[in-house]
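S.K.: Encoded as structure tokens, here's the structure I'll be asking about.
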Amino acid sequence: MCMETKEEQRAESVSFVEEIVKTELEAGKNGGRLQTRFPPEPNGYLHIGHAKAIAIDFGLARKYGGVCNLRMDDTNPQKEDTEYVEAIKRDIEWLGFKWGEVLYASDYFGQLWDLAVELIKRGRAYVDEQSSEQIAEQKGTPTQPGINSPYRDRPAEESLRLFEEMNSGNMEPGRMVLRAKIDMANPNMHFRDPIMYRVLNLPHWRTGNRWNAYPMYDFTHGQCDYWEGVTHSICTLEFVSHRPLYDLFVDWAKEVGGDDHPMHDNRPRQIEFNKLNLTHILLSKRNLLILVKEGVVSGWDDPRMPTICGFRRRGYSPEGILSFIDKIGYTKFDALNQMSLFESAVRDDLNQRAIRVSAVIEPVKLIITNFPEGMTETCTAINNPGNEADGTHETVFGRELWIEREDFMEDAPAKFFRLGPGKEVRLKNSYIIRCPETDCCRKDADGNIVEIYAEYIPDTKTGEANANMKIKGKTIHWVSCRHCLEAEVRNYDRLWMVENPRDEISAYSKKTGAEGIDAMRPFLNPESLEVKKAYVEKWLSTRKPLDYLQFQRIGYYNVDPDSTPDNLVFNRTVGLKDGWKGK
């Protein structure tokens, strides 16, 4: 019986979102057509939360023969940059998805402006000259109606003139806004005359100085979906309360467009799912930018960052990330997922794809006393026991080896099955060795062990006559002192010491008045990065950046982009076992 691939298993997983899409396709809604979109704002790098949205937006389109466009929500030129646009594209492609078209909210600025003008003419929008504080005070509460703006009933001609002035470049930002005229008593606060346009007087990275007044997200999003032909607008739960306004603005766009509009009979359907929340992680792009600017991390792709590029640099595979997203699923209820579950999914995936290699991080010298000086032998190492196609590579065995310091104990208890006086172990892919009962090590003046002595047992090399000789000892890894390379190993740990840093930072900020990085510092882990020197087998100089590795008996690592054949650098991705228990 053939085993299903992970891709095939993912193809069979069904969420409530998918059930809706599937039912509507089977019913022939939208002409049996499926079109989604992924609409990030290009004001930072994508984080793991975006990966969940990417997986369903692009995944459903791929599974059901539809199309998913990438549409940049570039309505705020103050924070946006082409650097972020290109990074977003790279991350989506790395996760394994392809978009139909690359579009921008700014593509629709002209249409949005014309729609706003028409709504003013129809008495559905007006220019308000109040301050943002005054407008907020008049909004009321969910149980108390708001107060109409004194400008709510100004003549359409006056609002049209002022609206043009808002875009002239001569008006001070904040001086006026354009508001939709809906219902100041509606229990849904979003219906209480929401702002449609505000003055920024900033050049846009795509449209230059054409616009000085820019549309708000709520006035932009639904119409862009409608004009594009989006059938399903899939978003997170905070947009549930926005959905009626989304639908109303689409209705207004349809009404203004007339019956001859090509999408007149089709309405984008908004479906909301729960965000991805993880313990010991902070996902706000605003806060992530603070960490970058304050030098807490080395950049957006620092392996401690929850960005997609950070996880990529740390050694997470796209398959491992998507497997985790499948495990937690899509629901209507927010939940805080344990980081250990994420790491477990990544560990399971890396176990199938990582190349096994030897690296010694806490070295002590082992001398094989009965092996001739200057003599060497080659040993064959299997690259991946789970995938024969990954082949093998050769390592060099000699008289002097590096082993892990913890693999030797001079005064060893009975259940210590590694090296010690009179104890035997197998050297990985090589011989069984035995320490003498006495004089099995040498110490320096401070009592530290600097050399360990052992003899190899002939004919016990892997593949030879006595290779299956029974011993109580474990198999340990090693590298040849004369045939290894020195490398830098970066052991990463959690960046935050608390399970829910967002809430902890917020509470601390309210209590102390601290803001920004000052509110974050008490919760940052000062030991989130440990840099060590290690000895690794020479073959690792042939590995490429981001290659997946397992340092045998230590953990999963990858080749950092900083690495070169002459200066090897490796990042710890995740341990061989759950490292979160008891922390």
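The chains in the structure tokens are called A, B, ... from first to last as shown; in each chain the residues are counted from 1, and the ligands are counted from 1 in the order shown.
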Quick one: which stretch 429-501 of chain A residues come within 8 Å of stretch 556-573 of chain A, and what is the nearest atom pair for each with the distance in Å to one decimal, counting only C-alpha atoms, rows ordered by chain and ascending number, as CSV?

M.R.:
residue,atom,partner,partner_atom,distance
A:Glu486,CA,A:Leu568,CA,7.5
A:Ala487,CA,A:Leu568,CA,4.8
A:Glu488,CA,A:Val569,CA,4.7
A:Val489,CA,A:Phe570,CA,4.9
A:Arg490,CA,A:Asn571,CA,4.9
A:Asn491,CA,A:Arg572,CA,5.0
A:Tyr492,CA,A:Arg572,CA,6.0

S.K.: Print the selection's residues with all heavy atoms to a file, as a PDB file, in the first residue's frame.

M.R.:
ATOM      1  N   GLU A 486      36.742  24.335  11.742  1.00  0.00           N
ATOM      2  CA  GLU A 486      36.139  25.099  12.829  1.00  0.00           C
ATOM      3  C   GLU A 486      34.956  25.872  12.267  1.00  0.00           C
ATOM      4  O   GLU A 486      35.002  26.387  11.146  1.00  0.00           O
ATOM      5  CB  GLU A 486      37.158  26.057  13.439  1.00  0.00           C
ATOM      6  CG  GLU A 486      36.692  26.685  14.734  1.00  0.00           C
ATOM      7  CD  GLU A 486      37.772  27.515  15.400  1.00  0.00           C
ATOM      8  OE1 GLU A 486      38.600  26.953  16.143  1.00  0.00           O
ATOM      9  OE2 GLU A 486      37.780  28.741  15.149  1.00  0.00           O
ATOM     10  N   ALA A 487      33.880  25.958  13.024  1.00  0.00           N
ATOM     11  CA  ALA A 487      32.676  26.637  12.557  1.00  0.00           C
ATOM     12  C   ALA A 487      32.073  27.454  13.691  1.00  0.00           C
ATOM     13  O   ALA A 487      32.316  27.200  14.877  1.00  0.00           O
ATOM     14  CB  ALA A 487      31.664  25.624  12.052  1.00  0.00           C
ATOM     15  N   GLU A 488      31.277  28.437  13.303  1.00  0.00           N
ATOM     16  CA  GLU A 488      30.499  29.206  14.269  1.00  0.00           C
ATOM     17  C   GLU A 488      29.106  28.608  14.339  1.00  0.00           C
ATOM     18  O   GLU A 488      28.447  28.410  13.320  1.00  0.00           O
ATOM     19  CB  GLU A 488      30.413  30.671  13.842  1.00  0.00           C
ATOM     20  CG  GLU A 488      29.590  31.538  14.795  1.00  0.00           C
ATOM     21  CD  GLU A 488      29.530  32.978  14.365  1.00  0.00           C
ATOM     22  OE1 GLU A 488      30.607  33.602  14.223  1.00  0.00           O
ATOM     23  OE2 GLU A 488      28.405  33.492  14.144  1.00  0.00           O
ATOM     24  N   VAL A 489      28.662  28.326  15.544  1.00  0.00           N
ATOM     25  CA  VAL A 489      27.327  27.769  15.764  1.00  0.00           C
ATOM     26  C   VAL A 489      26.513  28.774  16.568  1.00  0.00           C
ATOM     27  O   VAL A 489      26.939  29.216  17.630  1.00  0.00           O
ATOM     28  CB  VAL A 489      27.404  26.418  16.505  1.00  0.00           C
ATOM     29  CG1 VAL A 489      26.014  25.954  16.915  1.00  0.00           C
ATOM     30  CG2 VAL A 489      28.066  25.374  15.618  1.00  0.00           C
ATOM     31  N   ARG A 490      25.347  29.135  16.023  1.00  0.00           N
ATOM     32  CA  ARG A 490      24.470  30.089  16.696  1.00  0.00           C
ATOM     33  C   ARG A 490      23.271  29.327  17.260  1.00  0.00           C
ATOM     34  O   ARG A 490      22.402  28.884  16.511  1.00  0.00           O
ATOM     35  CB  ARG A 490      24.009  31.167  15.712  1.00  0.00           C
ATOM     36  CG  ARG A 490      25.169  31.971  15.133  1.00  0.00           C
ATOM     37  CD  ARG A 490      24.731  32.875  13.994  1.00  0.00           C
ATOM     38  NE  ARG A 490      25.851  33.617  13.434  1.00  0.00           N
ATOM     39  CZ  ARG A 490      25.783  34.376  12.334  1.00  0.00           C
ATOM     40  NH1 ARG A 490      24.617  34.478  11.687  1.00  0.00           N
ATOM     41  NH2 ARG A 490      26.846  35.010  11.883  1.00  0.00           N
ATOM     42  N   ASN A 491      23.258  29.181  18.561  1.00  0.00           N
ATOM     43  CA  ASN A 491      22.164  28.479  19.226  1.00  0.00           C
ATOM     44  C   ASN A 491      21.102  29.488  19.651  1.00  0.00           C
ATOM     45  O   ASN A 491      21.329  30.299  20.551  1.00  0.00           O
ATOM     46  CB  ASN A 491      22.683  27.711  20.446  1.00  0.00           C
ATOM     47  CG  ASN A 491      23.516  26.512  20.038  1.00  0.00           C
ATOM     48  OD1 ASN A 491      23.310  25.934  18.975  1.00  0.00           O
ATOM     49  ND2 ASN A 491      24.463  26.133  20.875  1.00  0.00           N
ATOM     50  N   TYR A 492      19.961  29.424  18.979  1.00  0.00           N
ATOM     51  CA  TYR A 492      18.879  30.370  19.252  1.00  0.00           C
ATOM     52  C   TYR A 492      17.875  29.775  20.234  1.00  0.00           C
ATOM     53  O   TYR A 492      17.569  28.584  20.193  1.00  0.00           O
ATOM     54  CB  TYR A 492      18.169  30.748  17.952  1.00  0.00           C
ATOM     55  CG  TYR A 492      19.024  31.583  17.039  1.00  0.00           C
ATOM     56  CD1 TYR A 492      19.727  31.008  15.986  1.00  0.00           C
ATOM     57  CD2 TYR A 492      19.135  32.956  17.238  1.00  0.00           C
ATOM     58  CE1 TYR A 492      20.523  31.781  15.146  1.00  0.00           C
ATOM     59  CE2 TYR A 492      19.934  33.734  16.407  1.00  0.00           C
ATOM     60  CZ  TYR A 492      20.622  33.148  15.366  1.00  0.00           C
ATOM     61  OH  TYR A 492      21.414  33.909  14.546  1.00  0.00           O
TER      62      TYR A 492
END

S.K.: Give me the stretch 209-309 of chain A side of the contact with stretch 55-64 of chain A, cut-off 10 Å, one line per residue showing its nearest atom pair and distance in Å at one decimal, counting only C-alpha atoms, sorted by chain and residue number, as CSV.

M.R.:
residue,atom,partner,partner_atom,distance
A:His232,CA,A:Asp57,CA,9.0
A:Ser233,CA,A:Asp57,CA,8.7
A:Ile234,CA,A:Asp57,CA,6.9
A:Cys235,CA,A:Asp57,CA,9.1

S.K.: Go ahead and save the picked residues with N, CA, C and O atoms, as a JSON list (two decimals), in the first residue's frame.

M.R.:
[["chain", "number", "residue", "atom", "x", "y", "z"],
["A", 232, "HIS", "N", -14.48, 35.28, -2.83],
["A", 232, "HIS", "CA", -14.42, 35.01, -1.40],
["A", 232, "HIS", "C", -13.30, 35.83, -0.77],
["A", 232, "HIS", "O", -12.12, 35.66, -1.10],
["A", 233, "SER", "N", -13.71, 36.74, 0.12],
["A", 233, "SER", "CA", -12.77, 37.59, 0.84],
["A", 233, "SER", "C", -12.54, 36.96, 2.20],
["A", 233, "SER", "O", -13.37, 37.08, 3.10],
["A", 234, "ILE", "N", -11.42, 36.25, 2.35],
["A", 234, "ILE", "CA", -11.16, 35.48, 3.57],
["A", 234, "ILE", "C", -10.24, 36.29, 4.48],
["A", 234, "ILE", "O", -9.16, 36.71, 4.07],
["A", 235, "CYS", "N", -10.68, 36.54, 5.70],
["A", 235, "CYS", "CA", -9.93, 37.41, 6.61],
["A", 235, "CYS", "C", -10.07, 36.91, 8.04],
["A", 235, "CYS", "O", -10.71, 35.89, 8.29]]

S.K.: Considering only C-alpha atoms, tabulate each residue of stretch 170-249 of chain A that lies at most 6 Å from stretch 122-134 of chain A along with its nearest interatomic pair and the corresponding distance in Å to one decimal; arrange the rows by chain and ascending residue number and present them as a Markdown table.

M.R.:
| residue | atom | partner | partner_atom | distance |
| --- | --- | --- | --- | --- |
| A:Met176 | CA | A:Glu129 | CA | 4.5 |
| A:Val177 | CA | A:Asp128 | CA | 5.4 |
| A:Leu178 | CA | A:Val127 | CA | 4.4 |
| A:Arg179 | CA | A:Ala125 | CA | 5.5 |
| A:Ala180 | CA | A:Ala125 | CA | 4.2 |
| A:Lys181 | CA | A:Arg124 | CA | 4.9 |

S.K.: Could you find all residues in stretch 153-331 of chain A that DSSP calls helix (DSSP H, G or I) from the backbone, and write them as a PyMOL selection string?

M.R.: chain A and resi 156-166+189-191+217-228+237-239+243-257+285-293+308-314+318-328

S.K.: As a list in words, list the residues of stretch 170-316 of chain A assigned to strand (DSSP E or B) by DSSP on the backbone atoms of this structure.

M.R.: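 Answer for stretch 170-316 of chain A, restricted to strand (DSSP E or B): Val177, Leu178, Arg179, Ala180, Ile195, Met196, Tyr197, Arg198, Val199, His204, Gly208, Ala213, Tyr214, Pro215, His232, Ser233, Ile234, Cys235, Thr236, Arg269, Gln270, Ile271, Glu272, Phe273, Asn277, Leu278 and Thr307 of chain A.
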
S.K.: Based on the selection just made, write C-alpha atoms of those residues as a compact mmCIF listing (two decimals), in the first residue's frame.

M.R.:
# COMPACT_ATOMS: atom_id res chain seq x y z
CA VAL A 177 -12.03 64.28 6.36
CA LEU A 178 -14.65 62.78 4.12
CA ARG A 179 -17.23 60.71 6.01
CA ALA A 180 -19.93 58.33 4.85
CA ILE A 195 -14.18 58.17 7.63
CA MET A 196 -13.63 57.45 3.93
CA TYR A 197 -10.75 59.83 3.10
CA ARG A 198 -8.11 61.74 5.06
CA VAL A 199 -5.46 64.28 4.07
CA HIS A 204 3.05 57.77 -2.95
CA GLY A 208 3.91 60.10 -7.01
CA ALA A 213 -5.96 62.69 0.14
CA TYR A 214 -5.97 58.92 0.57
CA PRO A 215 -8.83 56.43 1.09
CA HIS A 232 -14.42 35.01 -1.40
CA SER A 233 -12.77 37.59 0.84
CA ILE A 234 -11.16 35.48 3.57
CA CYS A 235 -9.93 37.41 6.61
CA THR A 236 -9.46 37.17 10.37
CA ARG A 269 -18.40 36.90 0.32
CA GLN A 270 -16.39 37.74 3.44
CA ILE A 271 -15.50 34.75 5.62
CA GLU A 272 -13.61 35.17 8.89
CA PHE A 273 -11.30 32.71 10.66
CA ASN A 277 -1.51 33.08 18.06
CA LEU A 278 1.58 31.45 19.54
CA THR A 307 8.78 36.63 10.41
